[in-house]
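Enquirer: Input protein.pdb, format and content: PDB, C-alpha atoms and all ligand atoms.
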ATOM      1  CA  MET A  77     -16.318   8.624 -13.165
ATOM      2  CA  SER A  78     -14.671   7.778  -9.907
ATOM      3  CA  GLU A  79     -12.346  10.334  -8.408
ATOM      4  CA  VAL A  80      -9.132   9.475  -6.572
ATOM      5  CA  ILE A  81      -9.192  11.818  -3.578
ATOM      6  CA  TRP A  82      -6.043  10.717  -1.766
ATOM      7  CA  GLY A  83      -3.055   8.397  -1.857
ATOM      8  CA  LEU A  84      -1.357   6.906   1.192
ATOM      9  CA  GLY A  85       2.032   5.171   1.149
ATOM     10  CA  THR A  86       2.782   3.220   4.317
ATOM     11  CA  SER A  87       4.907   0.427   5.734
ATOM     12  CA  HIS A  88       3.107  -2.790   6.655
ATOM     13  CA  VAL A  89       5.499  -4.236   9.263
ATOM     14  CA  PRO A  90       3.495  -6.931  11.128
ATOM     15  CA  SER A  91       4.709  -5.899  14.577
ATOM     16  CA  ILE A  92       3.020  -2.490  14.077
ATOM     17  CA  GLY A  93      -0.302  -4.344  13.922
ATOM     18  CA  ALA A  94       0.684  -6.553  16.852
ATOM     19  CA  ALA A  95       1.611  -3.481  18.929
ATOM     20  CA  MET A  96      -1.767  -1.904  18.177
ATOM     21  CA  ASP A  97      -3.618  -5.122  18.978
ATOM     22  CA  ARG A  98      -1.844  -5.250  22.351
ATOM     23  CA  GLY A  99      -2.655  -1.625  23.214
ATOM     24  CA  LEU A 100       0.982  -0.469  23.081
ATOM     25  CA  HIS A 101       0.153   2.905  21.532
ATOM     26  CA  ASP A 102       1.760   4.836  24.396
ATOM     27  CA  ASP A 103       4.538   2.343  25.103
ATOM     28  CA  PRO A 104       7.906   4.153  24.883
ATOM     29  CA  VAL A 105       9.090   1.698  22.199
ATOM     30  CA  TRP A 106       6.118   2.529  19.960
ATOM     31  CA  SER A 107       4.798   5.967  20.891
ATOM     32  CA  LYS A 108       7.061   7.928  18.505
ATOM     33  CA  LEU A 109       6.059   5.812  15.524
ATOM     34  CA  PHE A 110       2.366   6.222  16.303
ATOM     35  CA  ALA A 111       2.737   9.960  16.994
ATOM     36  CA  GLY A 112       4.090  10.257  13.446
ATOM     37  CA  TYR A 113       0.887   8.686  12.098
ATOM     38  CA  GLN A 114      -1.496  10.938  14.010
ATOM     39  CA  PRO A 115      -1.771  13.940  11.612
ATOM     40  CA  ALA A 116      -2.452  11.572   8.703
ATOM     41  CA  ARG A 117      -5.076   9.674  10.693
ATOM     42  CA  GLU A 118      -6.849  12.906  11.616
ATOM     43  CA  TRP A 119      -6.877  14.171   8.021
ATOM     44  CA  LEU A 120      -8.114  10.832   6.695
ATOM     45  CA  ALA A 121     -10.872  10.566   9.328
ATOM     46  CA  ASP A 122     -12.673  13.476   7.617
ATOM     47  CA  ARG A 123     -12.177  12.073   4.135
ATOM     48  CA  THR A 124     -13.529   8.537   4.018
ATOM     49  CA  PRO A 125     -13.829   7.529   0.363
ATOM     50  CA  ASP A 126     -16.607   5.367  -1.069
ATOM     51  CA  VAL A 127     -14.044   2.661  -1.907
ATOM     52  CA  ALA A 128     -10.310   2.126  -1.383
ATOM     53  CA  VAL A 129      -7.848   0.224  -3.571
ATOM     54  CA  LEU A 130      -5.019  -1.248  -1.519
ATOM     55  CA  VAL A 131      -1.843  -2.188  -3.388
ATOM     56  CA  TYR A 132       0.004  -4.803  -1.369
ATOM     57  CA  ASN A 133       1.978  -8.014  -1.450
ATOM     58  CA  ASP A 134       1.059 -11.326   0.065
ATOM     59  CA  HIS A 135       3.822 -13.031   2.096
ATOM     60  CA  ALA A 136       2.939 -16.663   1.261
ATOM     61  CA  ASN A 137      -0.051 -16.493   3.620
ATOM     62  CA  GLY A 138      -2.947 -16.047   1.192
ATOM     63  CA  VAL A 139      -1.236 -17.764  -1.772
ATOM     64  CA  ASP A 140       1.314 -20.601  -1.586
ATOM     65  CA  LEU A 141       4.727 -19.911  -3.056
ATOM     66  CA  ASP A 142       4.083 -22.488  -5.783
ATOM     67  CA  VAL A 143       1.817 -19.876  -7.421
ATOM     68  CA  VAL A 144       3.319 -16.410  -7.874
ATOM     69  CA  PRO A 145       1.045 -13.937  -9.652
ATOM     70  CA  THR A 146       3.021 -10.897 -10.798
ATOM     71  CA  PHE A 147      -0.098  -8.717 -10.552
ATOM     72  CA  GLY A 148      -3.488  -9.766  -9.172
ATOM     73  CA  ILE A 149      -6.828  -8.237  -8.248
ATOM     74  CA  GLY A 150      -9.512  -9.372  -5.820
ATOM     75  CA  VAL A 151     -13.087  -9.550  -7.138
ATOM     76  CA  ALA A 152     -14.720 -11.038  -4.025
ATOM     77  CA  ASP A 153     -17.357  -9.437  -1.854
ATOM     78  CA  ARG A 154     -15.388 -10.308   1.328
ATOM     79  CA  TYR A 155     -11.771 -11.089   2.196
ATOM     80  CA  ALA A 156     -10.953 -12.961   5.410
ATOM     81  CA  VAL A 157      -8.024 -11.952   7.599
ATOM     82  CA  ALA A 158      -5.273 -14.581   7.130
ATOM     83  CA  ASP A 159      -3.963 -16.710   9.972
ATOM     84  CA  GLU A 160      -0.188 -16.184   9.731
ATOM     85  CA  GLY A 161       0.605 -18.781  12.383
ATOM     86  CA  PHE A 162      -0.496 -16.932  15.532
ATOM     87  CA  GLY A 163      -4.250 -16.917  14.868
ATOM     88  CA  ARG A 164      -6.099 -14.241  12.987
ATOM     89  CA  ARG A 165      -5.679 -10.633  14.098
ATOM     90  CA  ALA A 166      -8.788  -9.463  15.940
ATOM     91  CA  VAL A 167      -9.650  -6.978  13.218
ATOM     92  CA  PRO A 168     -12.660  -7.017  10.884
ATOM     93  CA  ASP A 169     -12.726  -8.993   7.675
ATOM     94  CA  VAL A 170     -12.586  -6.812   4.603
ATOM     95  CA  VAL A 171     -15.704  -5.971   2.610
ATOM     96  CA  GLY A 172     -14.939  -5.830  -1.112
ATOM     97  CA  HIS A 173     -16.577  -4.051  -4.041
ATOM     98  CA  PRO A 174     -17.018  -6.669  -6.790
ATOM     99  CA  GLU A 175     -18.633  -4.244  -9.212
ATOM    100  CA  LEU A 176     -15.691  -1.853  -9.215
ATOM    101  CA  SER A 177     -13.256  -4.804  -9.113
ATOM    102  CA  PHE A 178     -14.688  -6.257 -12.333
ATOM    103  CA  HIS A 179     -14.614  -2.848 -13.998
ATOM    104  CA  LEU A 180     -10.944  -2.392 -13.016
ATOM    105  CA  LEU A 181     -10.113  -5.950 -14.113
ATOM    106  CA  GLN A 182     -11.594  -5.511 -17.565
ATOM    107  CA  SER A 183     -10.082  -2.077 -18.054
ATOM    108  CA  LEU A 184      -6.607  -3.216 -16.905
ATOM    109  CA  VAL A 185      -6.697  -6.297 -19.152
ATOM    110  CA  ASP A 186      -7.823  -4.154 -22.091
ATOM    111  CA  ASP A 187      -4.921  -1.833 -21.252
ATOM    112  CA  GLY A 188      -2.369  -4.674 -21.447
ATOM    113  CA  PHE A 189      -2.140  -5.761 -17.784
ATOM    114  CA  ASP A 190      -3.116  -9.439 -17.643
ATOM    115  CA  MET A 191      -4.163  -9.596 -14.001
ATOM    116  CA  THR A 192      -4.536 -12.798 -12.001
ATOM    117  CA  VAL A 193      -8.099 -12.886 -10.654
ATOM    118  CA  PHE A 194      -8.792 -13.727  -7.004
ATOM    119  CA  ARG A 195     -12.350 -14.848  -6.345
ATOM    120  CA  GLU A 196     -11.233 -15.859  -2.863
ATOM    121  CA  LEU A 197      -8.305 -14.421  -0.935
ATOM    122  CA  ASP A 198      -7.198 -14.248   2.689
ATOM    123  CA  VAL A 199      -5.330 -11.002   3.313
ATOM    124  CA  ASP A 200      -2.221 -10.913   5.503
ATOM    125  CA  HIS A 201      -0.283  -8.202   7.371
ATOM    126  CA  GLY A 202       0.645  -6.573   4.062
ATOM    127  CA  PHE A 203      -3.034  -5.623   3.864
ATOM    128  CA  THR A 204      -4.384  -5.389   7.401
ATOM    129  CA  VAL A 205      -1.513  -3.362   8.898
ATOM    130  CA  PRO A 206      -1.977  -0.491   6.397
ATOM    131  CA  LEU A 207      -5.707  -0.555   7.201
ATOM    132  CA  SER A 208      -4.800  -0.226  10.895
ATOM    133  CA  VAL A 209      -2.366   2.605  10.131
ATOM    134  CA  TRP A 210      -5.285   4.396   8.439
ATOM    135  CA  THR A 211      -7.975   3.382  10.971
ATOM    136  CA  PRO A 212      -6.633   2.372  14.376
ATOM    137  CA  ASP A 213     -10.064   1.616  15.885
ATOM    138  CA  PRO A 214     -12.226   0.131  13.133
ATOM    139  CA  GLY A 215     -14.832  -1.365  15.456
ATOM    140  CA  ASP A 216     -16.915  -3.911  13.548
ATOM    141  CA  ALA A 217     -15.932  -2.761  10.054
ATOM    142  CA  TRP A 218     -13.228  -0.913   8.126
ATOM    143  CA  PRO A 219     -14.335   2.541   6.980
ATOM    144  CA  CYS A 220     -15.252   1.496   3.428
ATOM    145  CA  PRO A 221     -15.051  -1.427   0.983
ATOM    146  CA  VAL A 222     -11.471  -2.182  -0.060
ATOM    147  CA  ILE A 223     -10.196  -3.838  -3.260
ATOM    148  CA  PRO A 224      -6.914  -5.798  -3.045
ATOM    149  CA  LEU A 225      -4.416  -5.205  -5.828
ATOM    150  CA  MET A 226      -1.572  -7.671  -5.368
ATOM    151  CA  VAL A 227       2.018  -7.270  -6.584
ATOM    152  CA  ASN A 228       4.757  -9.899  -6.392
ATOM    153  CA  VAL A 229       7.706  -8.392  -4.542
ATOM    154  CA  ILE A 230       8.965 -11.520  -2.775
ATOM    155  CA  SER A 231       9.966 -13.833  -5.620
ATOM    156  CA  TYR A 232      12.431 -13.075  -8.430
ATOM    157  CA  PRO A 233      11.766 -11.622 -10.953
ATOM    158  CA  GLN A 234       9.624  -8.933  -9.395
ATOM    159  CA  PRO A 235       7.969  -6.505 -11.824
ATOM    160  CA  THR A 236      10.059  -3.434 -12.540
ATOM    161  CA  ALA A 237       9.357  -0.132 -10.837
ATOM    162  CA  ALA A 238       8.517   1.283 -14.282
ATOM    163  CA  ARG A 239       5.931  -1.435 -14.825
ATOM    164  CA  CYS A 240       4.399  -0.726 -11.401
ATOM    165  CA  TYR A 241       4.185   2.981 -12.222
ATOM    166  CA  ALA A 242       2.561   2.133 -15.584
ATOM    167  CA  LEU A 243       0.082  -0.146 -13.777
ATOM    168  CA  GLY A 244      -0.802   2.762 -11.534
ATOM    169  CA  GLN A 245      -1.407   4.993 -14.547
ATOM    170  CA  ALA A 246      -3.625   2.285 -16.074
ATOM    171  CA  LEU A 247      -5.446   2.021 -12.735
ATOM    172  CA  GLY A 248      -6.028   5.778 -12.825
ATOM    173  CA  ARG A 249      -7.535   5.486 -16.324
ATOM    174  CA  ALA A 250      -9.661   2.527 -15.226
ATOM    175  CA  LEU A 251     -11.034   4.471 -12.265
ATOM    176  CA  ALA A 252     -11.736   7.514 -14.428
ATOM    177  CA  SER A 253     -13.850   5.411 -16.795
ATOM    178  CA  TYR A 254     -16.078   3.934 -14.060
ATOM    179  CA  PRO A 255     -19.646   4.987 -14.848
ATOM    180  CA  GLU A 256     -20.624   5.899 -11.284
ATOM    181  CA  ASP A 257     -19.530   9.029  -9.422
ATOM    182  CA  ILE A 258     -17.686   7.674  -6.420
ATOM    183  CA  THR A 259     -14.639   8.739  -4.442
ATOM    184  CA  VAL A 260     -11.594   6.463  -4.087
ATOM    185  CA  GLY A 261      -8.565   6.354  -1.794
ATOM    186  CA  ILE A 262      -5.457   4.441  -2.886
ATOM    187  CA  LEU A 263      -2.945   2.820  -0.554
ATOM    188  CA  GLY A 264       0.543   1.768  -1.653
ATOM    189  CA  THR A 265       2.154  -0.393   0.999
ATOM    190  CA  GLY A 266       5.491  -1.846   2.108
ATOM    191  CA  GLY A 267       8.969  -0.563   2.790
ATOM    192  CA  MET A 268      10.802   1.505   3.665
ATOM    193  CA  SER A 269      14.350   0.155   3.714
ATOM    194  CA  HIS A 270      14.611  -3.280   5.257
ATOM    195  CA  GLN A 271      16.362  -6.578   4.930
ATOM    196  CA  LEU A 272      15.061  -9.383   7.133
ATOM    197  CA  ALA A 273      17.773 -12.037   6.600
ATOM    198  CA  GLY A 274      21.310 -12.670   5.406
ATOM    199  CA  THR A 275      24.517 -10.813   6.103
ATOM    200  CA  ARG A 276      22.828  -7.418   5.591
ATOM    201  CA  ALA A 277      19.936  -8.207   8.000
ATOM    202  CA  GLY A 278      18.831  -4.976   9.664
ATOM    203  CA  PHE A 279      20.088  -2.874   6.739
ATOM    204  CA  ILE A 280      18.648   0.660   6.894
ATOM    205  CA  ASN A 281      19.426   3.429   4.400
ATOM    206  CA  PRO A 282      17.861   6.709   5.601
ATOM    207  CA  THR A 283      19.431   8.676   2.729
ATOM    208  CA  PHE A 284      17.634   6.539   0.161
ATOM    209  CA  ASP A 285      14.403   6.519   2.176
ATOM    210  CA  HIS A 286      14.302  10.326   2.441
ATOM    211  CA  MET A 287      15.097  10.674  -1.259
ATOM    212  CA  PHE A 288      12.195   8.308  -1.960
ATOM    213  CA  LEU A 289       9.790  10.228   0.314
ATOM    214  CA  ASP A 290      10.597  13.459  -1.575
ATOM    215  CA  ALA A 291      10.608  11.978  -5.075
ATOM    216  CA  ILE A 292       7.374  10.020  -4.707
ATOM    217  CA  GLU A 293       5.686  13.420  -4.509
ATOM    218  CA  VAL A 294       7.560  15.517  -7.074
ATOM    219  CA  ASP A 295       9.499  13.139  -9.342
ATOM    220  CA  PRO A 296       8.004   9.628  -9.419
ATOM    221  CA  GLU A 297       9.556   9.060 -12.871
ATOM    222  CA  LYS A 298      12.972   9.146 -11.200
ATOM    223  CA  LEU A 299      11.878   6.298  -8.898
ATOM    224  CA  ALA A 300      10.261   4.422 -11.787
ATOM    225  CA  ALA A 301      13.607   4.489 -13.637
ATOM    226  CA  LEU A 302      15.404   2.524 -10.881
ATOM    227  CA  SER A 303      15.993  -1.184 -11.511
ATOM    228  CA  ARG A 304      14.952  -3.938  -9.101
ATOM    229  CA  GLU A 305      18.656  -4.365  -8.316
ATOM    230  CA  ASP A 306      18.861  -0.641  -7.444
ATOM    231  CA  TYR A 307      15.989  -1.072  -4.973
ATOM    232  CA  ILE A 308      17.515  -4.158  -3.377
ATOM    233  CA  ARG A 309      20.972  -2.567  -3.136
ATOM    234  CA  GLU A 310      19.720   0.772  -1.786
ATOM    235  CA  ALA A 311      16.698  -0.329   0.282
ATOM    236  CA  GLY A 312      17.481  -3.959   1.160
ATOM    237  CA  SER A 313      16.088  -7.240  -0.154
ATOM    238  CA  GLU A 314      12.600  -6.538   1.242
ATOM    239  CA  GLY A 315      12.888  -2.782   0.676
ATOM    240  CA  ILE A 316      11.906  -3.542  -2.912
ATOM    241  CA  GLU A 317       8.355  -3.460  -1.523
ATOM    242  CA  LEU A 318       8.594   0.279  -2.184
ATOM    243  CA  ILE A 319       7.795  -0.319  -5.862
ATOM    244  CA  MET A 320       4.173  -0.740  -4.719
ATOM    245  CA  TRP A 321       4.050   2.940  -3.719
ATOM    246  CA  LEU A 322       4.582   3.696  -7.426
ATOM    247  CA  VAL A 323       1.297   1.958  -8.316
ATOM    248  CA  MET A 324      -0.466   4.306  -5.893
ATOM    249  CA  ARG A 325       1.392   7.355  -7.220
ATOM    250  CA  GLY A 326       0.782   6.421 -10.874
ATOM    251  CA  ALA A 327      -2.983   6.453 -10.286
ATOM    252  CA  MET A 328      -2.823  10.030  -9.005
ATOM    253  CA  ASN A 329      -2.492  13.362 -10.788
ATOM    254  CA  ALA A 330       0.898  14.566 -12.028
ATOM    255  CA  GLU A 331       0.771  17.187  -9.290
ATOM    256  CA  VAL A 332      -0.352  16.204  -5.836
ATOM    257  CA  THR A 333      -0.340  18.073  -2.531
ATOM    258  CA  LYS A 334       1.637  16.586   0.325
ATOM    259  CA  VAL A 335      -0.478  16.355   3.482
ATOM    260  CA  HIS A 336       1.968  14.600   5.800
ATOM    261  CA  THR A 337       5.071  12.416   5.858
ATOM    262  CA  ALA A 338       6.599  10.430   8.719
ATOM    263  CA  TYR A 339       9.731   8.312   9.067
ATOM    264  CA  HIS A 340      10.752   6.148  12.008
ATOM    265  CA  VAL A 341      13.509   3.635  12.749
ATOM    266  CA  PRO A 342      13.196   0.957  13.989
ATOM    267  CA  ALA A 343       9.904  -0.861  13.531
ATOM    268  CA  SER A 344      10.853  -4.522  13.807
ATOM    269  CA  ASN A 345      14.303  -4.139  12.230
ATOM    270  CA  THR A 346      13.046  -1.893   9.448
ATOM    271  CA  ALA A 347      12.523   1.745   8.580
ATOM    272  CA  ALA A 348       8.812   2.586   8.681
ATOM    273  CA  GLY A 349       7.648   5.408   6.419
ATOM    274  CA  LEU A 350       4.361   7.112   5.666
ATOM    275  CA  ALA A 351       3.397   9.637   2.981
ATOM    276  CA  LEU A 352      -0.098  11.038   2.478
ATOM    277  CA  PHE A 353      -1.081  13.032  -0.622
ATOM    278  CA  ASP A 354      -4.205  14.990  -1.477
ATOM    279  CA  ASN A 355      -5.177  14.401  -5.122
ATOM    280  CA  ARG A 356      -7.573  17.319  -5.342
ATOM    281  CA  ALA A 357      -6.189  20.429  -6.978
ATOM    282  CA  PRO A 358      -5.670  23.199  -4.410
ATOM    283  CA  ALA A 359      -8.368  25.877  -4.589
ATOM    284  CA  ARG A 360      -7.092  28.913  -6.536
ATOM    285  CA  ALA A 361      -7.066  32.235  -4.717
TER     286      ALA A 361
HETATM  287  C1  LIG B   1       8.630  -7.791   8.619
HETATM  288  C2  LIG B   1       7.818  -8.378   7.668
HETATM  289  C3  LIG B   1       7.446  -7.663   6.533
HETATM  290  O1  LIG B   1       6.610  -8.159   5.600
HETATM  291  C4  LIG B   1       7.905  -6.415   6.327
HETATM  292  O2  LIG B   1       7.555  -5.799   5.189
HETATM  293  C5  LIG B   1       8.707  -5.813   7.278
HETATM  294  C6  LIG B   1       9.061  -6.515   8.424
HETATM  295  C7  LIG B   1       9.025  -8.543   9.836
HETATM  296  O3  LIG B   1       8.644  -9.711   9.994
HETATM  297  O4  LIG B   1       9.716  -7.968  10.675
HETATM  298 FE    FE B   2       6.434  -7.140   3.846
END
Reformat the file's structure so that it appears as structure tokens.
Ligand code: DHB
Ligand code: FE

Expert:
Amino acid sequence: MSEVIWGLGTSHVPSIGAAMDRGLHDDPVWSKLFAGYQPAREWLADRTPDVAVLVYNDHANGVDLDVVPTFGIGVADRYAVADEGFGRRAVPDVVGHPELSFHLLQSLVDDGFDMTVFRELDVDHGFTVPLSVWTPDPGDAWPCPVIPLMVNVISYPQPTAARCYALGQALGRALASYPEDITVGILGTGGMSHQLAGTRAGFINPTFDHMFLDAIEVDPEKLAALSREDYIREAGSEGIELIMWLVMRGAMNAEVTKVHTAYHVPASNTAAGLALFDNRAPARA
């Protein structure tokens, strides 16, 4: 079986990637955000899994808006970095793991999740920024193969938080039934509170964000019970991206150990959050 060793929830704001690409790590505008990431980066550097599953949303860069898969999975052996209008980020393309992808696809379909299948997919900031948050200096390659698991959060009706949590639980079962003994890291991306347009543009709700950061560890069912309207009201129209953290959390054990959390405002005009959980039971004294 494969073993989920950690789960990482993180924002994917594109300007975080742009700041890294321009070497602004120590710039006063960015240094606090990046300092918040450092303990997670150090912990993760010693715990590279065999494969990662990255739960993310495309922003009409890899897939046109005339096709909106509610849930999708990549089965390719490589994923190119998308050109979002400013050229491709100078980061490595993503190596996939088709064998595990096909196992997950079959298991999820058998479990009632009729996934859209991507044999080819360019991945945008929703994907590459979380990889940079994990691995700021990837060199020629990201630390391990990564499987994209796509969720529609940009076009109504988005899946419910409960459905995302159930997908995560099905993903956990799918990973557990993989015949090979491999380790897996899961990333849930997006959020925290943000609204990019309209009269509430710049909306930030730290009270909701901190509640979410606590509950994602100890009471994910509470977050799964919120409606999509609750997310949009409390976290902003794009803050609904947070439902993707529930896929990550659903694939983990009921009890997880918090390694590190960070919260910073502003990144772009959003709240950027990070939560890292160890899925291995603490050693008993
Ligand atoms: C921005 C874009 C995003 O996809 C997001 O999740 C947060 C911020 C932006 O363009 O600022
Ligand atoms: Fe986004």

Enquirer: Kindly provide, as a ChimeraX atom specification, all nucleotide and amino acid residues lying within 9 Å of ligand FE 2 (chain B), counting all atoms listed in the file.

Expert: /A:87-90,132-135,201-202,229-230,265-267,314-315,317

Enquirer: List the spatial neighbours of Gln182 of chain A as an MDAnalysis selection string - criterion: any atom at most 12 Å away, all atoms listed in the file, same-chain residues fewer than 6 positions off excluded.

Expert: chainID A and resid 149 151 175:176 188:193 246:247 249:251 253:254

Enquirer: Identify which of the residues A:Ser107, A:Ser303, A:Asn137, A:Thr146 lies closest to ligand LIG 1 (chain B), counting all atoms listed in the file when measuring atom-to-atom distances.

Expert: A:Asn137

Enquirer: Evaluating the PyMOL selection byres (((chain A and resi 207) around 12) and not hetatm) on the displayed file yields which residues, as a PyMOL selection string?

Expert: chain A and resi 84-90+92-93+96+117+120+128-132+157+167-170+199-206+208-214+217-224+261-265

Enquirer: Please write out, as AutoDock Vina command-line options, where the centre of an axis-aligned box around all listed atoms of ligand LIG 1 (chain B) lies and how long its edges are, in Å to one decimal, after adding 5 Å on each side.

Expert:
--center_x 8.2 --center_y -7.8 --center_z 7.9 --size_x 13.1 --size_y 13.9 --size_z 15.5

Enquirer: Pick out the residues sitting within 12 Å of segment 293-300 of chain A, and hand them over as a PyMOL selection string; count all atoms listed in the file, and ignore anything fewer than 3 positions along from it in its own chain.

Expert: chain A and resi 83-85+235-245+284-290+303-304+306-307+310+316+318-337+351-355

Enquirer: So how many Å separate atom C2 of ligand LIG 1 (chain B) and atom CA of Asp126 of chain A, to one decimal?

Expert: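 According to the coordinates, atom C2 of ligand LIG 1 (chain B) and atom CA of Asp126 of chain A are separated by 29.4 Å.
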
Enquirer: From the list A:Leu180, A:Val144, A:Ala273, A:Leu109, which residue is nearest ligand LIG 1 (chain B) when using only C-alpha atoms and all ligand atoms?

Expert: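 Looking at the shortest contact to ligand LIG 1 (chain B), the residue is A:Ala273.
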
Enquirer: Of the candidates A:Gly172, A:Pro358, A:Gly278, A:Gly99, which shows the shortest atom-to-atom distance to ligand LIG 1 (chain B), using all atoms listed in the file?

Expert: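 Result for the nearest residue to ligand LIG 1 (chain B): A:Gly278.
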
Enquirer: I'd like the interatomic distance between atom O3 of ligand LIG 1 (chain B) and atom CA of Phe194 of chain A, to a tenth of an Å.

Expert: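 For atom O3 of ligand LIG 1 (chain B) relative to atom CA of Phe194 of chain A, the distance reads 24.7 Å.
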